[in-house]
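S.K.: Here you go, this is my_file.cif (mmCIF, N, CA and C atoms).
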```cif
data_target
loop_
_atom_site.label_atom_id
_atom_site.label_comp_id
_atom_site.auth_asym_id
_atom_site.auth_seq_id
_atom_site.Cartn_x
_atom_site.Cartn_y
_atom_site.Cartn_z
N MET A 9 35.19 -145.59 98.72
CA MET A 9 35.49 -145.81 100.12
C MET A 9 34.30 -146.48 100.78
N SER A 10 34.57 -147.42 101.65
CA SER A 10 33.50 -148.06 102.43
C SER A 10 33.90 -148.07 103.90
N ILE A 11 32.90 -148.02 104.74
CA ILE A 11 33.14 -147.99 106.19
C ILE A 11 32.41 -149.17 106.81
N ASN A 12 33.11 -149.90 107.64
CA ASN A 12 32.52 -151.03 108.36
C ASN A 12 32.82 -150.82 109.84
N LYS A 13 31.92 -150.15 110.53
CA LYS A 13 32.09 -149.87 111.96
C LYS A 13 30.74 -150.02 112.64
N VAL A 14 30.73 -150.74 113.75
CA VAL A 14 29.50 -151.00 114.48
C VAL A 14 29.73 -150.65 115.95
N ILE A 15 28.76 -149.98 116.55
CA ILE A 15 28.77 -149.73 117.99
C ILE A 15 27.42 -150.17 118.53
N VAL A 16 27.43 -151.08 119.49
CA VAL A 16 26.19 -151.52 120.13
C VAL A 16 26.36 -151.42 121.64
N SER A 17 25.27 -151.10 122.30
CA SER A 17 25.27 -151.01 123.75
C SER A 17 24.06 -151.77 124.26
N GLY A 18 24.30 -152.70 125.17
CA GLY A 18 23.20 -153.49 125.70
C GLY A 18 23.67 -154.42 126.80
N ARG A 19 22.83 -155.39 127.13
CA ARG A 19 23.16 -156.34 128.20
C ARG A 19 23.55 -157.69 127.61
N LEU A 20 24.53 -158.32 128.25
CA LEU A 20 24.95 -159.65 127.83
C LEU A 20 23.83 -160.64 128.12
N THR A 21 23.48 -161.46 127.14
CA THR A 21 22.36 -162.39 127.29
C THR A 21 22.78 -163.71 127.92
N ARG A 22 24.07 -163.97 127.99
CA ARG A 22 24.58 -165.21 128.60
C ARG A 22 26.02 -164.96 129.03
N ASP A 23 26.54 -165.86 129.85
CA ASP A 23 27.95 -165.77 130.21
C ASP A 23 28.78 -165.99 128.95
N PRO A 24 29.80 -165.18 128.72
CA PRO A 24 30.64 -165.35 127.54
C PRO A 24 31.34 -166.71 127.55
N GLU A 25 31.63 -167.21 126.35
CA GLU A 25 32.28 -168.51 126.20
C GLU A 25 33.66 -168.30 125.58
N LEU A 26 34.70 -168.77 126.29
CA LEU A 26 36.07 -168.65 125.81
C LEU A 26 36.54 -170.01 125.32
N ARG A 27 37.10 -170.05 124.12
CA ARG A 27 37.65 -171.29 123.59
C ARG A 27 38.90 -170.96 122.80
N SER A 28 39.62 -172.00 122.38
CA SER A 28 40.83 -171.82 121.59
C SER A 28 40.66 -172.52 120.25
N THR A 29 41.20 -171.92 119.20
CA THR A 29 41.20 -172.57 117.89
C THR A 29 42.31 -173.62 117.88
N ALA A 30 42.33 -174.44 116.84
CA ALA A 30 43.37 -175.46 116.70
C ALA A 30 44.76 -174.81 116.67
N GLY A 31 44.84 -173.59 116.18
CA GLY A 31 46.11 -172.87 116.11
C GLY A 31 46.48 -172.15 117.40
N GLY A 32 45.61 -172.23 118.42
CA GLY A 32 45.91 -171.62 119.72
C GLY A 32 45.37 -170.21 119.92
N THR A 33 44.66 -169.66 118.95
CA THR A 33 44.08 -168.32 119.09
C THR A 33 42.87 -168.38 120.02
N GLN A 34 42.83 -167.47 120.99
CA GLN A 34 41.70 -167.39 121.91
C GLN A 34 40.53 -166.71 121.21
N VAL A 35 39.32 -167.26 121.40
CA VAL A 35 38.10 -166.69 120.81
C VAL A 35 37.06 -166.57 121.92
N LEU A 36 36.57 -165.36 122.14
CA LEU A 36 35.54 -165.09 123.14
C LEU A 36 34.23 -164.82 122.41
N SER A 37 33.21 -165.64 122.67
CA SER A 37 31.89 -165.47 122.05
C SER A 37 30.92 -164.91 123.08
N LEU A 38 30.17 -163.88 122.69
CA LEU A 38 29.18 -163.31 123.58
C LEU A 38 28.01 -162.80 122.76
N SER A 39 26.89 -162.60 123.42
CA SER A 39 25.68 -162.10 122.77
C SER A 39 25.14 -160.93 123.58
N VAL A 40 24.72 -159.89 122.87
CA VAL A 40 24.23 -158.67 123.51
C VAL A 40 22.80 -158.40 123.05
N ALA A 41 21.93 -158.09 124.00
CA ALA A 41 20.55 -157.68 123.69
C ALA A 41 20.52 -156.16 123.59
N VAL A 42 20.08 -155.68 122.43
CA VAL A 42 20.00 -154.24 122.18
C VAL A 42 18.54 -153.92 121.86
N ASN A 43 17.94 -153.04 122.64
CA ASN A 43 16.53 -152.71 122.43
C ASN A 43 16.36 -151.63 121.37
N ASP A 44 15.37 -151.85 120.53
CA ASP A 44 14.95 -150.88 119.52
C ASP A 44 13.60 -150.35 120.01
N ARG A 45 13.53 -149.07 120.29
CA ARG A 45 12.30 -148.49 120.85
C ARG A 45 11.43 -147.96 119.72
N ARG A 46 10.18 -148.47 119.68
CA ARG A 46 9.22 -148.05 118.64
C ARG A 46 7.86 -147.79 119.25
N LYS A 47 7.11 -146.95 118.58
CA LYS A 47 5.76 -146.65 119.04
C LYS A 47 4.80 -147.68 118.45
N ASN A 48 4.00 -148.29 119.32
CA ASN A 48 3.01 -149.26 118.88
C ASN A 48 1.87 -148.51 118.21
N PRO A 49 1.58 -148.80 116.92
CA PRO A 49 0.54 -148.04 116.22
C PRO A 49 -0.86 -148.25 116.79
N GLN A 50 -1.14 -149.41 117.40
CA GLN A 50 -2.47 -149.66 117.96
C GLN A 50 -2.67 -148.95 119.29
N SER A 51 -1.68 -149.07 120.19
CA SER A 51 -1.85 -148.52 121.53
C SER A 51 -1.30 -147.11 121.68
N GLY A 52 -0.38 -146.73 120.79
CA GLY A 52 0.26 -145.42 120.92
C GLY A 52 1.36 -145.41 121.96
N GLU A 53 1.59 -146.54 122.63
CA GLU A 53 2.63 -146.65 123.66
C GLU A 53 3.98 -146.97 123.03
N TRP A 54 5.05 -146.51 123.67
CA TRP A 54 6.39 -146.85 123.24
C TRP A 54 6.74 -148.23 123.79
N GLU A 55 7.32 -149.08 122.93
CA GLU A 55 7.67 -150.44 123.34
C GLU A 55 9.10 -150.75 122.91
N ASP A 56 9.74 -151.63 123.69
CA ASP A 56 11.09 -152.09 123.36
C ASP A 56 11.01 -153.38 122.58
N TYR A 57 11.73 -153.44 121.47
CA TYR A 57 11.83 -154.64 120.65
C TYR A 57 13.29 -155.08 120.69
N PRO A 58 13.57 -156.24 121.28
CA PRO A 58 14.97 -156.65 121.42
C PRO A 58 15.58 -157.16 120.12
N ASN A 59 16.85 -156.85 119.94
CA ASN A 59 17.68 -157.40 118.88
C ASN A 59 18.82 -158.12 119.58
N PHE A 60 19.17 -159.29 119.12
CA PHE A 60 20.24 -160.06 119.73
C PHE A 60 21.42 -160.08 118.79
N VAL A 61 22.54 -159.54 119.25
CA VAL A 61 23.73 -159.37 118.42
C VAL A 61 24.83 -160.30 118.92
N ASP A 62 25.27 -161.21 118.05
CA ASP A 62 26.38 -162.11 118.39
C ASP A 62 27.69 -161.39 118.11
N CYS A 63 28.64 -161.56 119.04
CA CYS A 63 29.93 -160.88 118.94
C CYS A 63 31.05 -161.87 119.23
N LYS A 64 32.22 -161.62 118.62
CA LYS A 64 33.40 -162.44 118.88
C LYS A 64 34.61 -161.53 119.03
N MET A 65 35.44 -161.86 120.02
CA MET A 65 36.70 -161.15 120.23
C MET A 65 37.81 -162.18 120.10
N PHE A 66 38.90 -161.80 119.45
CA PHE A 66 39.99 -162.73 119.18
C PHE A 66 41.29 -162.28 119.85
N GLY A 67 42.16 -163.25 120.14
CA GLY A 67 43.50 -162.95 120.61
C GLY A 67 43.64 -162.97 122.12
N THR A 68 44.78 -162.47 122.58
CA THR A 68 45.10 -162.51 124.01
C THR A 68 44.15 -161.66 124.84
N ARG A 69 43.63 -160.58 124.26
CA ARG A 69 42.68 -159.73 125.01
C ARG A 69 41.41 -160.48 125.32
N ALA A 70 41.03 -161.43 124.46
CA ALA A 70 39.80 -162.19 124.68
C ALA A 70 39.84 -162.91 126.02
N GLU A 71 40.98 -163.50 126.34
CA GLU A 71 41.12 -164.22 127.61
C GLU A 71 41.06 -163.25 128.79
N SER A 72 41.75 -162.12 128.67
CA SER A 72 41.75 -161.13 129.76
C SER A 72 40.36 -160.58 130.02
N VAL A 73 39.67 -160.21 128.96
CA VAL A 73 38.34 -159.60 129.08
C VAL A 73 37.32 -160.59 129.62
N SER A 74 37.47 -161.87 129.28
CA SER A 74 36.47 -162.88 129.67
C SER A 74 36.29 -162.97 131.18
N ARG A 75 37.32 -162.66 131.94
CA ARG A 75 37.24 -162.75 133.41
C ARG A 75 36.34 -161.69 134.02
N PHE A 76 36.05 -160.64 133.27
CA PHE A 76 35.29 -159.53 133.82
C PHE A 76 33.85 -159.46 133.31
N LEU A 77 33.45 -160.41 132.47
CA LEU A 77 32.12 -160.37 131.86
C LEU A 77 31.22 -161.46 132.41
N SER A 78 29.93 -161.14 132.57
CA SER A 78 28.95 -162.14 132.99
C SER A 78 27.56 -161.73 132.49
N LYS A 79 26.69 -162.70 132.45
CA LYS A 79 25.32 -162.50 131.98
C LYS A 79 24.66 -161.34 132.72
N GLY A 80 23.93 -160.51 131.99
CA GLY A 80 23.19 -159.40 132.59
C GLY A 80 23.98 -158.11 132.67
N GLN A 81 25.28 -158.18 132.49
CA GLN A 81 26.12 -157.00 132.57
C GLN A 81 25.90 -156.11 131.35
N LYS A 82 25.94 -154.81 131.56
CA LYS A 82 25.79 -153.87 130.45
C LYS A 82 27.17 -153.56 129.87
N ALA A 83 27.24 -153.55 128.53
CA ALA A 83 28.52 -153.30 127.86
C ALA A 83 28.29 -152.52 126.58
N CYS A 84 29.31 -151.76 126.20
CA CYS A 84 29.32 -151.06 124.93
C CYS A 84 30.42 -151.71 124.09
N ILE A 85 30.06 -152.14 122.89
CA ILE A 85 30.97 -152.90 122.04
C ILE A 85 31.16 -152.16 120.72
N GLU A 86 32.42 -152.05 120.32
CA GLU A 86 32.77 -151.43 119.05
C GLU A 86 33.52 -152.45 118.21
N GLY A 87 33.15 -152.56 116.95
CA GLY A 87 33.83 -153.53 116.09
C GLY A 87 33.40 -153.41 114.65
N LYS A 88 33.56 -154.52 113.92
CA LYS A 88 33.24 -154.58 112.50
C LYS A 88 32.28 -155.72 112.25
N LEU A 89 31.39 -155.56 111.27
CA LEU A 89 30.51 -156.65 110.87
C LEU A 89 31.31 -157.69 110.09
N ARG A 90 31.08 -158.95 110.42
CA ARG A 90 31.73 -160.05 109.70
C ARG A 90 30.66 -161.04 109.28
N TYR A 91 30.72 -161.44 108.02
CA TYR A 91 29.79 -162.42 107.46
C TYR A 91 30.53 -163.74 107.33
N SER A 92 29.89 -164.81 107.76
CA SER A 92 30.48 -166.14 107.56
C SER A 92 29.39 -167.09 107.06
N SER A 93 29.82 -168.06 106.28
CA SER A 93 28.89 -169.08 105.79
C SER A 93 29.57 -170.43 105.86
N TRP A 94 28.78 -171.48 106.06
CA TRP A 94 29.30 -172.84 106.16
C TRP A 94 28.20 -173.82 105.80
N GLU A 95 28.62 -175.05 105.63
CA GLU A 95 27.67 -176.11 105.31
C GLU A 95 27.81 -177.21 106.36
N ARG A 96 26.66 -177.64 106.90
CA ARG A 96 26.65 -178.71 107.90
C ARG A 96 25.50 -179.64 107.56
N ASP A 97 25.81 -180.91 107.49
CA ASP A 97 24.81 -181.94 107.18
C ASP A 97 24.04 -181.61 105.90
N GLY A 98 24.74 -181.06 104.91
CA GLY A 98 24.11 -180.75 103.64
C GLY A 98 23.31 -179.46 103.62
N GLN A 99 23.21 -178.79 104.76
CA GLN A 99 22.46 -177.53 104.86
C GLN A 99 23.43 -176.35 104.87
N LYS A 100 23.11 -175.33 104.10
CA LYS A 100 23.93 -174.12 104.09
C LYS A 100 23.45 -173.18 105.20
N HIS A 101 24.41 -172.61 105.90
CA HIS A 101 24.13 -171.67 106.99
C HIS A 101 24.96 -170.41 106.77
N SER A 102 24.47 -169.31 107.31
CA SER A 102 25.24 -168.06 107.27
C SER A 102 24.93 -167.26 108.53
N LYS A 103 25.83 -166.34 108.83
CA LYS A 103 25.69 -165.57 110.05
C LYS A 103 26.40 -164.23 109.89
N LEU A 104 25.81 -163.20 110.46
CA LEU A 104 26.42 -161.88 110.52
C LEU A 104 26.67 -161.60 112.00
N GLU A 105 27.92 -161.27 112.34
CA GLU A 105 28.25 -161.00 113.74
C GLU A 105 29.25 -159.85 113.81
N VAL A 106 29.50 -159.38 115.03
CA VAL A 106 30.43 -158.28 115.24
C VAL A 106 31.77 -158.85 115.68
N ALA A 107 32.84 -158.49 114.96
CA ALA A 107 34.20 -158.81 115.38
C ALA A 107 34.63 -157.66 116.28
N VAL A 108 34.78 -157.93 117.57
CA VAL A 108 34.99 -156.90 118.59
C VAL A 108 36.41 -156.33 118.54
N ASP A 109 36.48 -154.99 118.45
CA ASP A 109 37.76 -154.29 118.57
C ASP A 109 37.93 -153.75 119.99
N GLU A 110 36.85 -153.19 120.53
CA GLU A 110 36.87 -152.59 121.87
C GLU A 110 35.60 -152.98 122.62
N ILE A 111 35.74 -153.15 123.93
CA ILE A 111 34.57 -153.40 124.77
C ILE A 111 34.72 -152.59 126.05
N GLU A 112 33.66 -151.91 126.42
CA GLU A 112 33.66 -151.11 127.64
C GLU A 112 32.53 -151.60 128.54
N LEU A 113 32.88 -151.94 129.77
CA LEU A 113 31.88 -152.40 130.73
C LEU A 113 31.17 -151.18 131.29
N MET A 114 29.84 -151.26 131.32
CA MET A 114 29.04 -150.13 131.77
C MET A 114 28.30 -150.43 133.07
N SER A 115 28.53 -151.63 133.62
CA SER A 115 27.93 -151.99 134.91
C SER A 115 28.80 -153.05 135.56
N SER A 116 28.56 -153.25 136.84
CA SER A 116 29.27 -154.29 137.57
C SER A 116 28.69 -155.64 137.19
N PRO A 117 29.42 -156.72 137.46
CA PRO A 117 28.84 -158.05 137.19
C PRO A 117 27.53 -158.22 137.93
N ALA A 118 26.56 -158.88 137.29
CA ALA A 118 25.24 -159.08 137.87
C ALA A 118 25.31 -159.88 139.16
N ALA A 119 26.30 -160.75 139.28
CA ALA A 119 26.40 -161.61 140.45
C ALA A 119 26.86 -160.86 141.69
N ALA A 120 27.52 -159.73 141.51
CA ALA A 120 28.03 -158.99 142.65
C ALA A 120 26.88 -158.32 143.38
N PRO A 121 26.80 -158.50 144.71
CA PRO A 121 25.71 -157.87 145.45
C PRO A 121 25.89 -156.35 145.47
N ALA A 122 24.80 -155.67 145.29
CA ALA A 122 24.84 -154.21 145.32
C ALA A 122 24.95 -153.75 146.76
N GLU A 123 25.84 -152.81 146.99
CA GLU A 123 25.99 -152.28 148.34
C GLU A 123 24.96 -151.20 148.56
N GLU A 124 24.30 -151.27 149.70
CA GLU A 124 23.32 -150.25 150.03
C GLU A 124 24.04 -149.12 150.75
N PRO A 125 23.69 -147.87 150.44
CA PRO A 125 24.33 -146.76 151.14
C PRO A 125 23.94 -146.79 152.62
N ALA A 126 24.86 -146.35 153.45
CA ALA A 126 24.59 -146.30 154.88
C ALA A 126 23.42 -145.36 155.14
N ALA A 127 22.54 -145.77 156.03
CA ALA A 127 21.38 -144.95 156.34
C ALA A 127 21.82 -143.72 157.12
N GLU A 128 21.26 -142.57 156.75
CA GLU A 128 21.57 -141.35 157.47
C GLU A 128 20.78 -141.33 158.76
N PRO A 129 21.41 -140.90 159.84
CA PRO A 129 20.67 -140.85 161.10
C PRO A 129 19.55 -139.81 161.01
N GLU A 130 18.44 -140.13 161.66
CA GLU A 130 17.32 -139.21 161.66
C GLU A 130 17.38 -138.37 162.93
N TYR A 131 17.22 -137.07 162.78
CA TYR A 131 17.23 -136.16 163.91
C TYR A 131 15.90 -135.43 163.96
N ALA A 132 15.40 -135.30 165.17
CA ALA A 132 14.23 -134.45 165.35
C ALA A 132 14.73 -133.01 165.36
N ASP A 133 13.89 -132.07 164.96
CA ASP A 133 14.32 -130.67 164.89
C ASP A 133 14.90 -130.17 166.21
N GLU A 134 14.34 -130.63 167.34
CA GLU A 134 14.82 -130.13 168.62
C GLU A 134 16.18 -130.71 169.00
N GLU A 135 16.66 -131.76 168.33
CA GLU A 135 17.95 -132.35 168.65
C GLU A 135 19.11 -131.63 167.97
N ILE A 136 18.83 -130.79 166.99
CA ILE A 136 19.89 -130.11 166.28
C ILE A 136 20.44 -129.02 167.19
N PRO A 137 21.79 -129.00 167.41
CA PRO A 137 22.37 -128.10 168.41
C PRO A 137 22.50 -126.65 167.96
N PHE A 138 21.96 -126.22 166.87
CA PHE A 138 22.10 -124.82 166.48
C PHE A 138 20.77 -124.21 166.14
#
```
Show me this structure written as structure tokens.
M.R.:
Amino acid sequence: MSINKVIVSGRLTRDPELRSTAGGTQVLSLSVAVNDRRKNPQSGEWEDYPNFVDCKMFGTRAESVSRFLSKGQKACIEGKLRYSSWERDGQKHSKLEVAVDEIELMSSPAAAPAEEPAAEPEYADEEIPF
């Protein structure tokens, strides 16, 4: 038995790109920055080391989801690792990426302005009626 399941949580590094294959299948490409926290042996301080994970979502859901995603947004992605290889201009290339099964948004779009809570009125102790 083998298991191929990946869960990553991080911020989108760019706006997702939606395109269609020649056969009409929707493909959503996105990249997520996932920090790996390690202790620096010289300084003793904890530091974040980023990992950049390329992800692809296929089908009709890809188009629906694309409208809600933008650079900087935090997301949790569940899927499977997929290996692909190709040759371009005589050079061999390969890539490991996540084929997305589920995506959960963990923050609002970065472009949306954050609403500030209404300021509470300040009362002097003598103004309180009780």
S.K.: To test your reading of the syntax: which residues would the PyMOL selection byres ((chain A and resi 55-66) around 8) return for the file shown? Reply as number ranges by chain.
M.R.: A: 33-48, 52-54, 67-71, 104-110
S.K.: Please determine, counting all atoms listed in the file, which residue among A:Lys103, A:Arg96, A:Lys88, A:Arg27 has the shortest atom-to-atom distance to Val14 (chain A).
M.R.: A:Lys88
S.K.: What is the atom C of Arg19 (chain A) to CA of Lys82 (chain A) distance in Å?
M.R.: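 Separating atom C of Arg19 (chain A) from CA of Lys82 (chain A) is a distance of 5.3 Å.
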S.K.: Counting all atoms listed in the file, figure out which residue out of A:Ser51, A:Thr29, A:Asn12, A:Thr21 gets nearest to Gln81 (chain A).
M.R.: A:Thr21
S.K.: Taking the DSSP assignment computed from this structure's backbone, write out as a ChimeraX atom specification all residues of region 12-98 of chain A that belong to strand (DSSP E or B).
M.R.: /A:14-20,25-28,34-47,54-66,82-96
S.K.: Which parts of region 17-137 of chain A does DSSP call helix (DSSP H, G or I) when run on the backbone here, written out as a PyMOL selection string?
M.R.: chain A and resi 68-74+133-135
S.K.: Between CA of Gly87 (chain A) and atom C of Glu112 (chain A), what is the distance, to one decimal in Å?
M.R.: 12.7 Å
S.K.: So how far away is atom N of Ala30 (chain A) from CA of Ser74 (chain A), in Å?
M.R.: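 These atoms are spaced 18.2 Å apart.
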S.K.: Put the listed atoms of region 60-78 of chain A in a box along x, y and z with 3 Å added on every side and give me the centre and edge lengths in Å to one decimal, as AutoDock Vina command-line options.
M.R.:
```
--center_x 32.1 --center_y -161.8 --center_z 126.0 --size_x 31.9 --size_y 10.9 --size_z 22.0
```
S.K.: My list of candidates is A:Ala83, A:Phe76, A:Met114, A:Gly98. Which is closest to Val16 (chain A) when distances are computed with only C-alpha atoms?
M.R.: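 When distances to Val16 (chain A) are compared using only C-alpha atoms, the smallest one comes from A:Ala83.
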S.K.: Give the answer as one residue: which of A:Gly31, A:Gly80, A:Pro49, A:Gly18 has the shortest atom-to-atom distance to Ser116 (chain A), using only N, CA and C atoms?
M.R.: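 Nearest to Ser116 (chain A): A:Gly80.
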S.K.: Apply the PyMOL selection byres ((chain A and resi 78) around 6.5) to the file shown and report the selected residues as a VMD selection string.
M.R.: chain A and resid 20 22 to 24 76 to 77 79 to 81 117 to 118
S.K.: Between A:Ile85, A:Trp94, A:Gln99, A:Ile111, which is the closest to Ile15 (chain A) once you count all atoms listed in the file?
M.R.: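 Of A:Ile85, A:Trp94, A:Gln99, A:Ile111, the one nearest Ile15 (chain A), counting all atoms listed in the file, is A:Ile85.
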